[in-house]
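**Student:** Attaching a single structure in structure tokens format; questions to follow.
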Amino acid sequence: MSVRALWNDVVLAESADTVVVEGNHYFPAESINREYFTASDTHSVCPWKGTASYYTVTVDGRQNPDAAWFYPEPKSAAEQVRDRVAFWRGVDVIEN
């Protein structure tokens with residue numbers, strides 16, 4: 001099964017190797033189309049996963065601030081999300 005992340009009719013990421021945690025597909029970092037991603041200064045903290053960092057997604061000049069997140073140094077309980085990216089804020093994640 002392949003999983004795609006789409007926003008504004010553009011494929012942001014696609015992989016048959018996602019990890020689902022708390023209902024979110026985490027895509028391998030190498031599966032994202034980096035041209036659409038810009039690092040954000042936003043961070044949040046999950047008690048069991050650790051500190052998340054965010055990307056702003058930009059497609060055709062339209063920005064979706066902090067629409068993707070990742071854990072650069074996840075806690076040991078969340079090691080499965082290391083080097084993976086997840087999405088929200090209107091990004092459609094579709095299982096094919």
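Each chain of the structure tokens is named A, B, ... in the order shown, its residues numbered from 1; ligands are numbered from 1 in display order.
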Please, which residues of chain A, numbered as in this document, come out strand (DSSP E or B) from DSSP, as a PyMOL selection string?
**Tutor:** chain A and resi 3-7+10-15+19-21+24-28+32+37-46+50-59+62-70+84-87+92-95
**Student:** Give me the residues near A:Ile94 as a ChimeraX atom specification, where near means some atom within 10 Å (using only C-alpha atoms) and where sequence neighbours in that chain fewer than 3 positions away do not count.
**Tutor:** /A:2-6,14,25,91
**Student:** Kindly save the residues from that selection, with C-alpha atoms included, as a PDB file, in the first residue's frame.
**Tutor:**
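Output contents, as saved in out35.pdb:
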```
ATOM      1  CA  SER A   2       1.291   3.412  -0.955  1.00  0.00           C
ATOM      2  CA  VAL A   3       0.382   6.534   1.011  1.00  0.00           C
ATOM      3  CA  ARG A   4       0.397  10.067  -0.406  1.00  0.00           C
ATOM      4  CA  ALA A   5       0.305  13.492   1.217  1.00  0.00           C
ATOM      5  CA  LEU A   6      -1.409  16.067  -1.045  1.00  0.00           C
ATOM      6  CA  GLU A  14       4.633   9.403  -1.173  1.00  0.00           C
ATOM      7  CA  HIS A  25       1.185   8.679   8.916  1.00  0.00           C
ATOM      8  CA  VAL A  91      -2.931  18.268   3.899  1.00  0.00           C
TER       9      VAL A  91
END
```
**Student:** In Å, rounded to a single decimal, give me how far atom CA of A:Lys49 is from atom CA of A:Glu79.
**Tutor:**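 Distance between the two atoms: 8.1 Å.
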**Student:** Nearest residue to A:Ala13 out of A:Gln80, A:Val59, A:Val85, A:Gly90, using only C-alpha atoms?
**Tutor:**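 Using only C-alpha atoms, the shortest distance to A:Ala13 belongs to A:Val85.
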**Student:** Looking at only C-alpha atoms, which of A:Trp7, A:Asp92, A:Ala86, A:Tyr71 is the one that sits closest to A:Val45?
**Tutor:**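 Ranking A:Trp7, A:Asp92, A:Ala86, A:Tyr71 by distance to A:Val45, first place goes to A:Tyr71.
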**Student:** What does the structure give for the distance between atom CA of A:Ile32 and atom CA of A:Arg84, in Å to one decimal?
**Tutor:**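 Computing it gives 9.3 Å between the two atoms.
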**Student:** Using only C-alpha atoms, which residues sit within 12 Å of A:Ser40 once same-chain residues fewer than 4 positions away are excluded, as a compact mmCIF listing (two decimals) with N, CA, C and O atoms, in the first residue's frame?
**Tutor:**
```txt
# COMPACT_ATOMS: atom_id res chain seq x y z
N SER A 44 6.92 22.39 19.31
CA SER A 44 5.95 21.99 20.32
C SER A 44 6.52 20.78 21.05
O SER A 44 7.46 20.14 20.57
N ALA A 52 8.90 18.63 18.84
CA ALA A 52 8.66 18.60 17.40
C ALA A 52 9.13 19.90 16.77
O ALA A 52 9.03 20.98 17.36
N SER A 53 9.63 19.79 15.56
CA SER A 53 9.95 20.93 14.71
C SER A 53 8.99 20.91 13.52
O SER A 53 8.42 19.86 13.21
N TYR A 54 8.83 22.06 12.85
CA TYR A 54 7.82 22.17 11.80
C TYR A 54 8.39 22.69 10.49
O TYR A 54 9.43 23.35 10.46
N TYR A 55 7.66 22.39 9.43
CA TYR A 55 7.92 22.95 8.10
C TYR A 55 6.69 23.71 7.65
O TYR A 55 5.55 23.28 7.89
N THR A 56 6.91 24.81 6.95
CA THR A 56 5.85 25.49 6.22
C THR A 56 5.88 24.91 4.81
O THR A 56 6.94 24.73 4.21
N VAL A 57 4.70 24.59 4.29
CA VAL A 57 4.57 24.05 2.94
C VAL A 57 4.15 25.18 2.01
O VAL A 57 3.22 25.93 2.33
N THR A 58 4.82 25.31 0.87
CA THR A 58 4.48 26.33 -0.11
C THR A 58 4.30 25.68 -1.47
O THR A 58 5.20 24.99 -1.97
N GLN A 63 1.08 29.53 0.94
CA GLN A 63 1.75 28.92 2.10
C GLN A 63 0.76 28.27 3.04
O GLN A 63 -0.35 28.77 3.24
N ASN A 64 1.19 27.17 3.62
CA ASN A 64 0.46 26.47 4.67
C ASN A 64 1.43 26.37 5.85
O ASN A 64 2.22 25.43 5.94
N PRO A 65 1.39 27.38 6.74
CA PRO A 65 2.37 27.44 7.84
C PRO A 65 2.30 26.22 8.77
O PRO A 65 1.21 25.80 9.18
N ASP A 66 3.47 25.68 9.07
CA ASP A 66 3.59 24.59 10.05
C ASP A 66 2.72 23.38 9.71
O ASP A 66 2.24 22.69 10.61
N ALA A 67 2.55 23.09 8.42
CA ALA A 67 1.68 22.00 7.99
C ALA A 67 2.32 20.62 8.12
O ALA A 67 1.63 19.61 8.00
N ALA A 68 3.62 20.59 8.35
CA ALA A 68 4.32 19.32 8.51
C ALA A 68 5.19 19.39 9.76
O ALA A 68 5.70 20.45 10.11
N TRP A 69 5.34 18.28 10.43
CA TRP A 69 6.18 18.27 11.62
C TRP A 69 7.02 17.00 11.67
O TRP A 69 6.73 16.01 11.02
N PHE A 70 8.07 17.08 12.48
CA PHE A 70 8.98 15.95 12.66
C PHE A 70 9.65 16.08 14.02
O PHE A 70 9.64 17.15 14.64
```
**Student:** Go ahead and compute the interatomic distance for atom CA of A:Ala39 and atom CA of A:Val20, in Å to one decimal.
**Tutor:**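 Computed distance, atom CA of A:Ala39 to atom CA of A:Val20, equals 22.9 Å.
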**Student:** Taking only C-alpha atoms into account, name the residue in A:Met1, A:Glu30, A:His43, A:Ser15 that is nearest to A:Pro72.
**Tutor:**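 Among the listed residues, A:His43 lies closest to A:Pro72.
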**Student:** Could you find all residues in chain A that DSSP calls helix (DSSP H, G or I) from the backbone, and write them as a list of chain:residue names?
**Tutor:** A:Ala29, A:Glu30, A:Ser31, A:Arg34, A:Glu35, A:Tyr36, A:Ser76, A:Ala77, A:Ala78, A:Glu79, A:Gln80, A:Val81
**Student:** Okay, now the selection with N, CA, C and O atoms, as an mmCIF file, in the first residue's frame?
**Tutor:**
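So the final result, stored in result02.cif, reads:
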```cif
data_model
loop_
_atom_site.group_PDB
_atom_site.id
_atom_site.type_symbol
_atom_site.label_atom_id
_atom_site.label_comp_id
_atom_site.auth_asym_id
_atom_site.auth_seq_id
_atom_site.Cartn_x
_atom_site.Cartn_y
_atom_site.Cartn_z
ATOM 1 N N ALA A 29 11.741 10.701 5.708
ATOM 2 C CA ALA A 29 12.195 12.036 5.301
ATOM 3 C C ALA A 29 12.612 12.068 3.835
ATOM 4 O O ALA A 29 12.369 13.052 3.141
ATOM 5 N N GLU A 30 13.194 10.983 3.343
ATOM 6 C CA GLU A 30 13.639 10.968 1.950
ATOM 7 C C GLU A 30 12.482 10.884 0.950
ATOM 8 O O GLU A 30 12.683 11.062 -0.252
ATOM 9 N N SER A 31 11.258 10.659 1.434
ATOM 10 C CA SER A 31 10.102 10.551 0.524
ATOM 11 C C SER A 31 9.396 11.890 0.295
ATOM 12 O O SER A 31 8.492 11.962 -0.533
ATOM 13 N N ARG A 34 11.192 17.979 -1.227
ATOM 14 C CA ARG A 34 11.790 19.063 -0.445
ATOM 15 C C ARG A 34 11.559 20.458 -1.027
ATOM 16 O O ARG A 34 11.600 21.439 -0.296
ATOM 17 N N GLU A 35 11.302 20.553 -2.320
ATOM 18 C CA GLU A 35 11.107 21.865 -2.937
ATOM 19 C C GLU A 35 9.929 22.621 -2.333
ATOM 20 O O GLU A 35 9.860 23.842 -2.436
ATOM 21 N N TYR A 36 8.999 21.908 -1.686
ATOM 22 C CA TYR A 36 7.801 22.536 -1.121
ATOM 23 C C TYR A 36 7.928 22.865 0.364
ATOM 24 O O TYR A 36 6.995 23.394 0.963
ATOM 25 N N SER A 76 12.956 7.875 23.505
ATOM 26 C CA SER A 76 13.122 6.453 23.178
ATOM 27 C C SER A 76 11.792 5.761 22.885
ATOM 28 O O SER A 76 11.732 4.878 22.033
ATOM 29 N N ALA A 77 10.719 6.167 23.529
ATOM 30 C CA ALA A 77 9.411 5.543 23.290
ATOM 31 C C ALA A 77 8.879 5.838 21.888
ATOM 32 O O ALA A 77 7.995 5.135 21.392
ATOM 33 N N ALA A 78 9.426 6.859 21.236
ATOM 34 C CA ALA A 78 8.949 7.269 19.905
ATOM 35 C C ALA A 78 10.040 7.135 18.844
ATOM 36 O O ALA A 78 9.977 7.785 17.802
ATOM 37 N N GLU A 79 10.986 6.283 19.082
ATOM 38 C CA GLU A 79 12.100 6.130 18.143
ATOM 39 C C GLU A 79 11.628 5.805 16.721
ATOM 40 O O GLU A 79 12.287 6.146 15.748
ATOM 41 N N GLN A 80 10.451 5.194 16.592
ATOM 42 C CA GLN A 80 9.944 4.816 15.267
ATOM 43 C C GLN A 80 9.626 6.020 14.376
ATOM 44 O O GLN A 80 9.478 5.867 13.162
ATOM 45 N N VAL A 81 9.543 7.230 14.938
ATOM 46 C CA VAL A 81 9.267 8.418 14.117
ATOM 47 C C VAL A 81 10.530 9.206 13.766
ATOM 48 O O VAL A 81 10.438 10.222 13.077
#
```
**Student:** Between A:Val21, A:Cys46, A:Val10, A:Ala16, which residue has the minimum interatomic distance to A:Asn33, considering only C-alpha atoms?
**Tutor:**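 Smallest separation from A:Asn33 among the options: A:Val10.
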**Student:** Please determine, counting only C-alpha atoms, which residue among A:Pro74, A:Asn8, A:Asn96, A:Asp60 has the shortest atom-to-atom distance to A:Pro47.
**Tutor:** A:Pro74
